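Below you'll find the structure, written out as structure tokens, and then a few comments.
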Amino acid sequence: MTSEVIKKGDFYELEVGKDLQQSTAYNDDLSPTKIKQRTWNKFNIAALWVGMAICVPTYTLGGVLTAYFGLSVTEALFTILIANIILLVPLTLNAYPGTKFGVPFPVLLRSSFGIVGSNIPCLIRGLVACGWFGIQTMFGGLAIHLLLSAMSSSWASLGGVGEVIGFFIFWGLNMFVVIRGSESIKWLETFSAPLLLIVGLGLMFWASGKISFMEVISVPANRPADAGFMGYFLSGLTAMVGFWATLSLNIPDFSRYAKSQKDQVIGQIIGLPLTMFFFAALGVVLTAASATLVGETVSDPISLIGKIDSPFWVAIAMVLIIIATLSTNTAANVVSPTNDFQNIMPKYINHTRGVLLTGLVGILLMSWELLKKLGWITSDVSVESMYSNWLLGYSSLLGPIAGIMIVDYFLIKRQHLDLIALYTPNSLYPAFNKAGLIAFGAPVLITLLSFKITALSWFYSYGWFTGAFAGAIIYYLLAKSVMVTDQKMEMA
């Protein structure tokens, strides 16, 4: 039997034959989803974003913008809202091919980077996700440690050792959920989303009696009095776009399960901007209220709750934080690298092995922090400073990929993909697409030069935007040039 593509309404479905079963670029887990698997409606998509957005790093974003980027509280919250509205553009556009053709992110990249070349952006995206996986697992492990400490003084006496054990317990929970597949993630996100929103509203109501919202909002900016707003705003905006720049790439990993384009678009509009704004605002309010509550300013919600003198409420709060962190980590930080690692060697790395490989890399990236908690090494590097400082850096790497993907699908391929060729080496799609690789490499090279050449510093400061536009323009020009050359050769 030979593989064939069947059009069903607005969707395309791939009937896999022996030719693709034997292809080195194919495995069943990377195969396009069947129509019957596309069951996520707009509320499931919205729940996905609620579950991912409500997490410890989101809670601290307001503090990051006020402390590191010189913005006032009002300016910081405005920046977060605008950044996530901007992000809807690449998110919804890059979700389109996933919904229409059912392909995951690595397979879609084969169109613009080549079947082998797709591994370069895949690994960049995957390793960033593994880093975030390690960070979020550290937060989840701390919540498990504080939960067990509230229930047992013997466990509390373990200190850092208890946090390390908690890390591996939480690590195991993540592995269990993702190995079970997309329906398991869908169930977790749909279950946790309303619960997390109710808890957030409850915390905001509780904080309202401890502090004046007007006082919090009126906190002035932490920048020189004569400094203009726009430069600080744009730098902060770039960092906040960088926060979800990862998902703007691999959103096809989820949109391939959407019932329709309308569902994925509406679901993302409902789920992302307001959730991010609300939970970041909650973080600003509770951080300000922490001085009244526990006698010191605490920007980490897990540490703040851990200081409350009530084992019962600490235990309840930690269970909710564990659910929140699990719903974020499984969807945002495990699914993508699982697919990305499979793309390297589809015949040797399947879904389960991809999940376990993601987990292993996450442990290795956090090994320094785990060893520090065990008291085996000393280090001044904190988890908080790690994710605060790399937002700009990695967004400058991911921006070009987003721009290239959008231009390739909408302007070059005109919303059409050859599904069979995407899984067939040495066919329509080359091993390495030079246009995609050059369009990615050029902005990255300029970014590196910007560290040495002061006149180019703006290119790094606004990394996601400069990278996305530069990558998109270069790719369009190169891809069009190749098309014109091919047409002339055919006519000759």
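Ligands are numbered from 1 in the order shown, chains are lettered A, B, ... in the order of the structure tokens, and residues start at 1 in each chain.
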- Task: Would you mind listing what lies within 10 Å of A:Lys186 as a list in words, with only C-alpha atoms counted and same-chain residues fewer than 6 positions away left out?
- Result: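 Answer for this query is Thr39, Trp40, Asn44, Ile45, Ala47, Leu48, Phe254, Tyr257, Ser327 and Ala331 of chain A.
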- Run DSSP on the backbone and give me the residues of stretch 255-318 of chain A it puts in alpha helix (DSSP H), as a VMD selection string. chain A and resid 255 261 to 271 273 to 294 301 to 306 311 to 318
Kindly assemble as JSON lines a list of the stretch 193-227 of chain A residues that lie within 12 Å of stretch 301-316 of chain A, each paired with its nearest atom pair and their distance in Å to one decimal, using only C-alpha atoms, sorted first by chain and then by ascending residue number.
{"residue": "A:Val199", "atom": "CA", "partner": "A:Ile316", "partner_atom": "CA", "distance": 10.8}
{"residue": "A:Gly200", "atom": "CA", "partner": "A:Pro301", "partner_atom": "CA", "distance": 11.7}
{"residue": "A:Leu203", "atom": "CA", "partner": "A:Pro301", "partner_atom": "CA", "distance": 11.0}
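The shortest atom-to-atom distance to A:Leu282, with only C-alpha atoms taken into account, belongs to A:Leu201 out of A:Leu88, A:Leu234, A:Met345, A:Leu201.
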- Message: So, with only C-alpha atoms as the atoms that count, which of A:Val319, A:Ala225, A:Leu123, A:Ile80 lies closest to A:Ala143?
- Response: A:Val319
- Query: Which residues, written as a list in words, have at least one atom at most 9 Å from A:Ala129, with only C-alpha atoms counted and residues fewer than 3 positions away on the same chain left out?
  - Reply: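 Counting only the stated atoms, we get Ile124, Arg125, Gly126, Trp132, Phe133, Gly134, Thr246, Ala332, Asn333, Val334, Val335, Ser336, Pro337, Thr358 and Gly362 of chain A.
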Closest pair table for stretch 170-258 of chain A residues within 6 Å of stretch 93-112 of chain A, only C-alpha atoms, as a Markdown table:
| residue | atom | partner | partner_atom | distance |
| --- | --- | --- | --- | --- |
| A:Asn250 | CA | A:Phe105 | CA | 5.0 |
| A:Ile251 | CA | A:Ala95 | CA | 5.5 |
| A:Pro252 | CA | A:Gly98 | CA | 4.3 |
| A:Asp253 | CA | A:Pro104 | CA | 4.5 |
| A:Ser255 | CA | A:Thr99 | CA | 5.1 |
| A:Arg256 | CA | A:Gly102 | CA | 4.3 |
| A:Ala258 | CA | A:Thr99 | CA | 6.0 |
Can you check which parts of stretch 299-390 of chain A lie within 8 Å of stretch 6-25 of chain A? Per residue, the shortest pair of atoms and distance in Å to one decimal, counting only C-alpha atoms, sorted by chain and number, as JSON lines.
{"residue": "A:Asn343", "atom": "CA", "partner": "A:Ala25", "partner_atom": "CA", "distance": 7.4}
{"residue": "A:Met345", "atom": "CA", "partner": "A:Ala25", "partner_atom": "CA", "distance": 7.4}
{"residue": "A:Pro346", "atom": "CA", "partner": "A:Ala25", "partner_atom": "CA", "distance": 5.9}
{"residue": "A:Lys347", "atom": "CA", "partner": "A:Thr24", "partner_atom": "CA", "distance": 6.2}
- List the neighbours of A:Ser153 out to 12 Å using only C-alpha atoms; skip same-chain residues closer than 6 positions along the sequence, and give me the result as number ranges by chain. A: 145-147, 159, 162, 311
- Would you please work out which residue, of A:Ala76, A:Val241, A:Leu417, A:Leu326, is nearest to A:Ile185 when using only C-alpha atoms?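 Among the listed residues, A:Leu326 lies closest to A:Ile185.
As for atom CA of A:Pro430 and atom CA of A:Leu30, they are spaced 18.6 Å apart.
Minimum atom-to-atom distance to A:Val50, evaluated using only C-alpha atoms, belongs to A:Ile269 out of A:Ile120, A:Ile269, A:Met204, A:Leu370.
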- Query: Which of these residues is nearest to A:Phe213, using only C-alpha atoms: A:Gln136, A:Thr338, A:Thr74, A:Thr328?
  - Reply: A:Thr74
